[in-house]
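Q: What follows is query.txt, made up of compact mmCIF, N, CA and C atoms:
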```
# COMPACT_ATOMS: atom_id res chain seq x y z
N MET A 1 2.19 21.82 -5.91
CA MET A 1 2.18 20.45 -6.43
C MET A 1 3.10 19.56 -5.61
N GLU A 2 4.13 20.14 -5.05
CA GLU A 2 5.07 19.37 -4.24
C GLU A 2 4.37 18.82 -2.98
N ASN A 3 3.41 19.59 -2.44
CA ASN A 3 2.68 19.14 -1.25
C ASN A 3 1.82 17.92 -1.54
N ILE A 4 1.22 17.88 -2.72
CA ILE A 4 0.41 16.73 -3.09
C ILE A 4 1.30 15.49 -3.22
N LYS A 5 2.45 15.66 -3.83
CA LYS A 5 3.38 14.53 -3.98
C LYS A 5 3.84 14.02 -2.61
N LYS A 6 4.07 14.92 -1.68
CA LYS A 6 4.46 14.50 -0.32
C LYS A 6 3.34 13.73 0.34
N LEU A 7 2.11 14.20 0.18
CA LEU A 7 0.96 13.51 0.75
C LEU A 7 0.80 12.13 0.14
N ILE A 8 0.95 12.02 -1.17
CA ILE A 8 0.86 10.72 -1.84
C ILE A 8 1.94 9.78 -1.31
N GLU A 9 3.13 10.30 -1.13
CA GLU A 9 4.22 9.48 -0.58
C GLU A 9 3.89 9.02 0.84
N GLU A 10 3.32 9.92 1.64
CA GLU A 10 2.93 9.58 3.02
C GLU A 10 1.88 8.47 3.02
N ILE A 11 0.91 8.56 2.12
CA ILE A 11 -0.12 7.53 2.02
C ILE A 11 0.49 6.21 1.60
N ASN A 12 1.36 6.24 0.61
CA ASN A 12 1.98 5.02 0.11
C ASN A 12 2.90 4.35 1.13
N LEU A 13 3.42 5.12 2.07
CA LEU A 13 4.32 4.54 3.07
C LEU A 13 3.58 3.83 4.20
N ARG A 14 2.28 4.01 4.28
CA ARG A 14 1.50 3.34 5.34
C ARG A 14 1.49 1.84 5.08
N LYS A 15 1.86 1.10 6.06
CA LYS A 15 1.84 -0.36 5.97
C LYS A 15 0.99 -0.90 7.11
N PRO A 16 0.18 -1.91 6.84
CA PRO A 16 -0.61 -2.51 7.92
C PRO A 16 0.31 -3.09 8.99
N LYS A 17 -0.14 -2.99 10.21
CA LYS A 17 0.64 -3.52 11.33
C LYS A 17 0.26 -4.98 11.54
N LYS A 18 0.92 -5.60 12.48
CA LYS A 18 0.64 -7.00 12.81
C LYS A 18 -0.48 -7.04 13.84
N TYR A 19 -1.70 -6.85 13.34
CA TYR A 19 -2.86 -6.76 14.22
C TYR A 19 -3.12 -8.04 15.00
N GLU A 20 -2.75 -9.18 14.43
CA GLU A 20 -2.98 -10.47 15.09
C GLU A 20 -2.24 -10.55 16.42
N GLN A 21 -1.15 -9.83 16.54
CA GLN A 21 -0.33 -9.88 17.75
C GLN A 21 -0.79 -8.86 18.80
N MET A 22 -1.78 -8.07 18.46
CA MET A 22 -2.24 -7.02 19.37
C MET A 22 -3.41 -7.50 20.22
N LYS A 23 -3.58 -6.83 21.33
CA LYS A 23 -4.74 -7.07 22.18
C LYS A 23 -5.94 -6.33 21.57
N ILE A 24 -7.12 -6.72 22.00
CA ILE A 24 -8.35 -6.12 21.47
C ILE A 24 -8.34 -4.60 21.65
N GLU A 25 -7.88 -4.13 22.79
CA GLU A 25 -7.86 -2.69 23.07
C GLU A 25 -6.91 -1.97 22.11
N GLU A 26 -5.79 -2.59 21.81
CA GLU A 26 -4.83 -2.00 20.88
C GLU A 26 -5.41 -1.94 19.47
N ILE A 27 -6.14 -2.96 19.10
CA ILE A 27 -6.76 -2.99 17.77
C ILE A 27 -7.79 -1.87 17.65
N SER A 28 -8.53 -1.63 18.71
CA SER A 28 -9.51 -0.54 18.71
C SER A 28 -8.81 0.80 18.50
N LYS A 29 -7.68 0.99 19.15
CA LYS A 29 -6.91 2.23 18.98
C LYS A 29 -6.41 2.35 17.55
N GLU A 30 -5.99 1.24 16.97
CA GLU A 30 -5.51 1.27 15.59
C GLU A 30 -6.61 1.68 14.63
N LEU A 31 -7.82 1.19 14.87
CA LEU A 31 -8.95 1.59 14.03
C LEU A 31 -9.18 3.09 14.16
N HIS A 32 -9.07 3.59 15.35
CA HIS A 32 -9.20 5.04 15.59
C HIS A 32 -8.13 5.80 14.80
N TYR A 33 -6.89 5.33 14.85
CA TYR A 33 -5.79 5.98 14.13
C TYR A 33 -6.03 5.99 12.62
N VAL A 34 -6.53 4.89 12.10
CA VAL A 34 -6.79 4.79 10.66
C VAL A 34 -7.89 5.78 10.26
N MET A 35 -8.93 5.85 11.07
CA MET A 35 -10.02 6.77 10.78
C MET A 35 -9.55 8.22 10.86
N LYS A 36 -8.73 8.54 11.83
CA LYS A 36 -8.17 9.89 11.98
C LYS A 36 -7.26 10.21 10.79
N PHE A 37 -6.45 9.25 10.39
CA PHE A 37 -5.58 9.43 9.21
C PHE A 37 -6.42 9.76 7.99
N GLU A 38 -7.51 9.03 7.79
CA GLU A 38 -8.38 9.28 6.64
C GLU A 38 -8.97 10.69 6.71
N GLN A 39 -9.47 11.09 7.86
CA GLN A 39 -10.04 12.43 7.99
C GLN A 39 -9.01 13.52 7.68
N ASP A 40 -7.84 13.39 8.27
CA ASP A 40 -6.78 14.38 8.06
C ASP A 40 -6.35 14.43 6.60
N THR A 41 -6.23 13.27 5.99
CA THR A 41 -5.81 13.21 4.59
C THR A 41 -6.85 13.82 3.67
N ILE A 42 -8.11 13.53 3.91
CA ILE A 42 -9.18 14.09 3.08
C ILE A 42 -9.22 15.61 3.22
N LYS A 43 -9.00 16.12 4.43
CA LYS A 43 -8.95 17.58 4.63
C LYS A 43 -7.83 18.20 3.79
N LYS A 44 -6.66 17.57 3.81
CA LYS A 44 -5.53 18.07 3.03
C LYS A 44 -5.85 18.04 1.53
N ILE A 45 -6.43 16.95 1.09
CA ILE A 45 -6.78 16.81 -0.33
C ILE A 45 -7.78 17.89 -0.72
N ASN A 46 -8.76 18.15 0.13
CA ASN A 46 -9.76 19.19 -0.15
C ASN A 46 -9.11 20.56 -0.26
N LEU A 47 -8.11 20.82 0.59
CA LEU A 47 -7.40 22.09 0.51
C LEU A 47 -6.64 22.22 -0.81
N PHE A 48 -6.01 21.13 -1.23
CA PHE A 48 -5.30 21.15 -2.52
C PHE A 48 -6.28 21.42 -3.65
N GLU A 49 -7.47 20.83 -3.53
CA GLU A 49 -8.49 21.01 -4.55
C GLU A 49 -8.94 22.47 -4.61
N LYS A 50 -9.10 23.10 -3.45
CA LYS A 50 -9.51 24.50 -3.41
C LYS A 50 -8.44 25.42 -4.00
N ASP A 51 -7.19 25.00 -3.85
CA ASP A 51 -6.08 25.78 -4.42
C ASP A 51 -5.90 25.53 -5.91
N HIS A 52 -6.79 24.70 -6.48
CA HIS A 52 -6.77 24.37 -7.91
C HIS A 52 -5.42 23.78 -8.33
N GLN A 53 -4.94 22.87 -7.51
CA GLN A 53 -3.69 22.22 -7.86
C GLN A 53 -3.98 21.08 -8.84
N ASP A 54 -2.97 20.35 -9.22
CA ASP A 54 -3.04 19.30 -10.24
C ASP A 54 -4.22 18.33 -9.99
N VAL A 55 -5.22 18.41 -10.85
CA VAL A 55 -6.44 17.62 -10.70
C VAL A 55 -6.16 16.12 -10.73
N ASP A 56 -5.29 15.68 -11.62
CA ASP A 56 -4.98 14.26 -11.73
C ASP A 56 -4.30 13.73 -10.47
N LEU A 57 -3.39 14.51 -9.93
CA LEU A 57 -2.73 14.09 -8.69
C LEU A 57 -3.71 14.06 -7.52
N ILE A 58 -4.63 14.99 -7.50
CA ILE A 58 -5.64 15.02 -6.44
C ILE A 58 -6.52 13.78 -6.54
N LYS A 59 -6.95 13.44 -7.74
CA LYS A 59 -7.76 12.22 -7.93
C LYS A 59 -6.98 10.99 -7.50
N TYR A 60 -5.72 10.94 -7.87
CA TYR A 60 -4.87 9.80 -7.50
C TYR A 60 -4.73 9.72 -5.98
N ALA A 61 -4.53 10.85 -5.34
CA ALA A 61 -4.41 10.88 -3.87
C ALA A 61 -5.69 10.36 -3.22
N ARG A 62 -6.83 10.77 -3.73
CA ARG A 62 -8.12 10.29 -3.19
C ARG A 62 -8.24 8.77 -3.34
N ILE A 63 -7.88 8.28 -4.50
CA ILE A 63 -8.00 6.84 -4.77
C ILE A 63 -7.09 6.04 -3.85
N ILE A 64 -5.83 6.44 -3.74
CA ILE A 64 -4.93 5.64 -2.91
C ILE A 64 -5.26 5.80 -1.42
N CYS A 65 -5.77 6.95 -1.04
CA CYS A 65 -6.20 7.12 0.35
C CYS A 65 -7.35 6.16 0.65
N ARG A 66 -8.34 6.15 -0.22
CA ARG A 66 -9.50 5.27 -0.02
C ARG A 66 -9.07 3.81 0.00
N ASN A 67 -8.22 3.41 -0.94
CA ASN A 67 -7.77 2.02 -1.00
C ASN A 67 -6.96 1.62 0.23
N THR A 68 -6.08 2.51 0.66
CA THR A 68 -5.25 2.24 1.83
C THR A 68 -6.09 2.10 3.09
N VAL A 69 -7.01 3.03 3.26
CA VAL A 69 -7.87 3.00 4.45
C VAL A 69 -8.78 1.78 4.43
N GLU A 70 -9.34 1.47 3.27
CA GLU A 70 -10.20 0.28 3.16
C GLU A 70 -9.42 -0.99 3.48
N ARG A 71 -8.20 -1.10 2.98
CA ARG A 71 -7.38 -2.28 3.24
C ARG A 71 -7.09 -2.42 4.73
N GLU A 72 -6.63 -1.32 5.34
CA GLU A 72 -6.31 -1.37 6.75
C GLU A 72 -7.54 -1.64 7.61
N THR A 73 -8.64 -0.98 7.30
CA THR A 73 -9.88 -1.16 8.05
C THR A 73 -10.35 -2.61 7.95
N SER A 74 -10.28 -3.16 6.77
CA SER A 74 -10.69 -4.54 6.57
C SER A 74 -9.84 -5.51 7.39
N LEU A 75 -8.54 -5.30 7.38
CA LEU A 75 -7.64 -6.15 8.18
C LEU A 75 -7.93 -6.02 9.67
N ILE A 76 -8.16 -4.81 10.11
CA ILE A 76 -8.46 -4.57 11.52
C ILE A 76 -9.77 -5.25 11.89
N GLN A 77 -10.79 -5.08 11.07
CA GLN A 77 -12.09 -5.69 11.34
C GLN A 77 -11.99 -7.20 11.41
N GLU A 78 -11.30 -7.78 10.45
CA GLU A 78 -11.15 -9.23 10.41
C GLU A 78 -10.47 -9.74 11.68
N THR A 79 -9.39 -9.10 12.05
CA THR A 79 -8.64 -9.51 13.24
C THR A 79 -9.46 -9.28 14.50
N TYR A 80 -10.11 -8.15 14.57
CA TYR A 80 -10.92 -7.80 15.74
C TYR A 80 -12.03 -8.83 15.94
N LEU A 81 -12.72 -9.16 14.87
CA LEU A 81 -13.80 -10.14 14.97
C LEU A 81 -13.30 -11.51 15.40
N LYS A 82 -12.17 -11.93 14.86
CA LYS A 82 -11.58 -13.22 15.26
C LYS A 82 -11.26 -13.23 16.74
N LYS A 83 -10.68 -12.14 17.22
CA LYS A 83 -10.30 -12.06 18.63
C LYS A 83 -11.53 -12.03 19.53
N ILE A 84 -12.53 -11.27 19.14
CA ILE A 84 -13.78 -11.21 19.92
C ILE A 84 -14.43 -12.59 19.95
N ASP A 85 -14.51 -13.22 18.80
CA ASP A 85 -15.12 -14.56 18.73
C ASP A 85 -14.37 -15.55 19.60
N SER A 86 -13.06 -15.55 19.50
CA SER A 86 -12.29 -16.52 20.28
C SER A 86 -12.37 -16.23 21.77
N LYS A 87 -12.46 -14.97 22.12
CA LYS A 87 -12.51 -14.62 23.54
C LYS A 87 -13.87 -14.92 24.15
N TYR A 88 -14.92 -14.55 23.45
CA TYR A 88 -16.26 -14.66 24.04
C TYR A 88 -17.03 -15.90 23.63
N LEU A 89 -16.84 -16.38 22.42
CA LEU A 89 -17.56 -17.58 22.01
C LEU A 89 -16.91 -18.84 22.57
N ASN A 90 -15.62 -18.84 22.71
CA ASN A 90 -14.93 -20.01 23.25
C ASN A 90 -15.00 -20.06 24.77
N SER A 91 -15.35 -18.97 25.41
CA SER A 91 -15.39 -18.95 26.87
C SER A 91 -16.73 -19.43 27.42
N LYS A 92 -17.67 -19.70 26.54
CA LYS A 92 -19.01 -20.18 27.00
C LYS A 92 -19.00 -21.64 27.30
```
Once you've parsed the file, please lay out its structure as structure tokens.
A:
Amino acid sequence: MENIKKLIEEINLRKPKKYEQMKIEEISKELHYVMKFEQDTIKKINLFEKDHQDVDLIKYARIICRNTVERETSLIQETYLKKIDSKYLNSK
């Protein structure tokens, strides 16, 4: 159960970065990192589930993982699109 609590703490400590200040290439890398984080976290959660650990904590971990990843992905997408638009639409 201690491992699930550590994972929940790790998820809760993730904070969105200042994507607006990044270059397009850096933003792409950040999206990759967020997707990798989600995959790794889901794998850990699945292992906890197989070990029949605290069901409520597992559900909570899934929810906050999904919410965190969705929030970060949305911010990255929004910033990425703005940068692409300003770079390519304004250059015509």
Q: Would you mind reading off the distance between atom CA of Ser86 of chain A and atom N of Met35 of chain A, one decimal, in Å?
A: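 It comes out at 24.4 Å.
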Q: Could you state the separation of atom N of Asn12 of chain A and atom C of Lys82 of chain A in Å, given to one decimal place?
A: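 The value is 28.3 Å.
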Q: Determine, counting only C-alpha atoms, which protein, DNA and RNA residues have an atom within 10 Å of an atom of Thr79 of chain A; residues of the same chain fewer than 2 positions away are not included. Present the result as a ChimeraX atom specification.
A: /A:18-22,24,27,73-77,81-85
Q: Which value, in Å to one decimal, gives the distance between atom N of His32 of chain A and atom C of Thr68 of chain A?
A: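 Value for the atom N of His32 of chain A-atom C of Thr68 of chain A distance: 12.7 Å.
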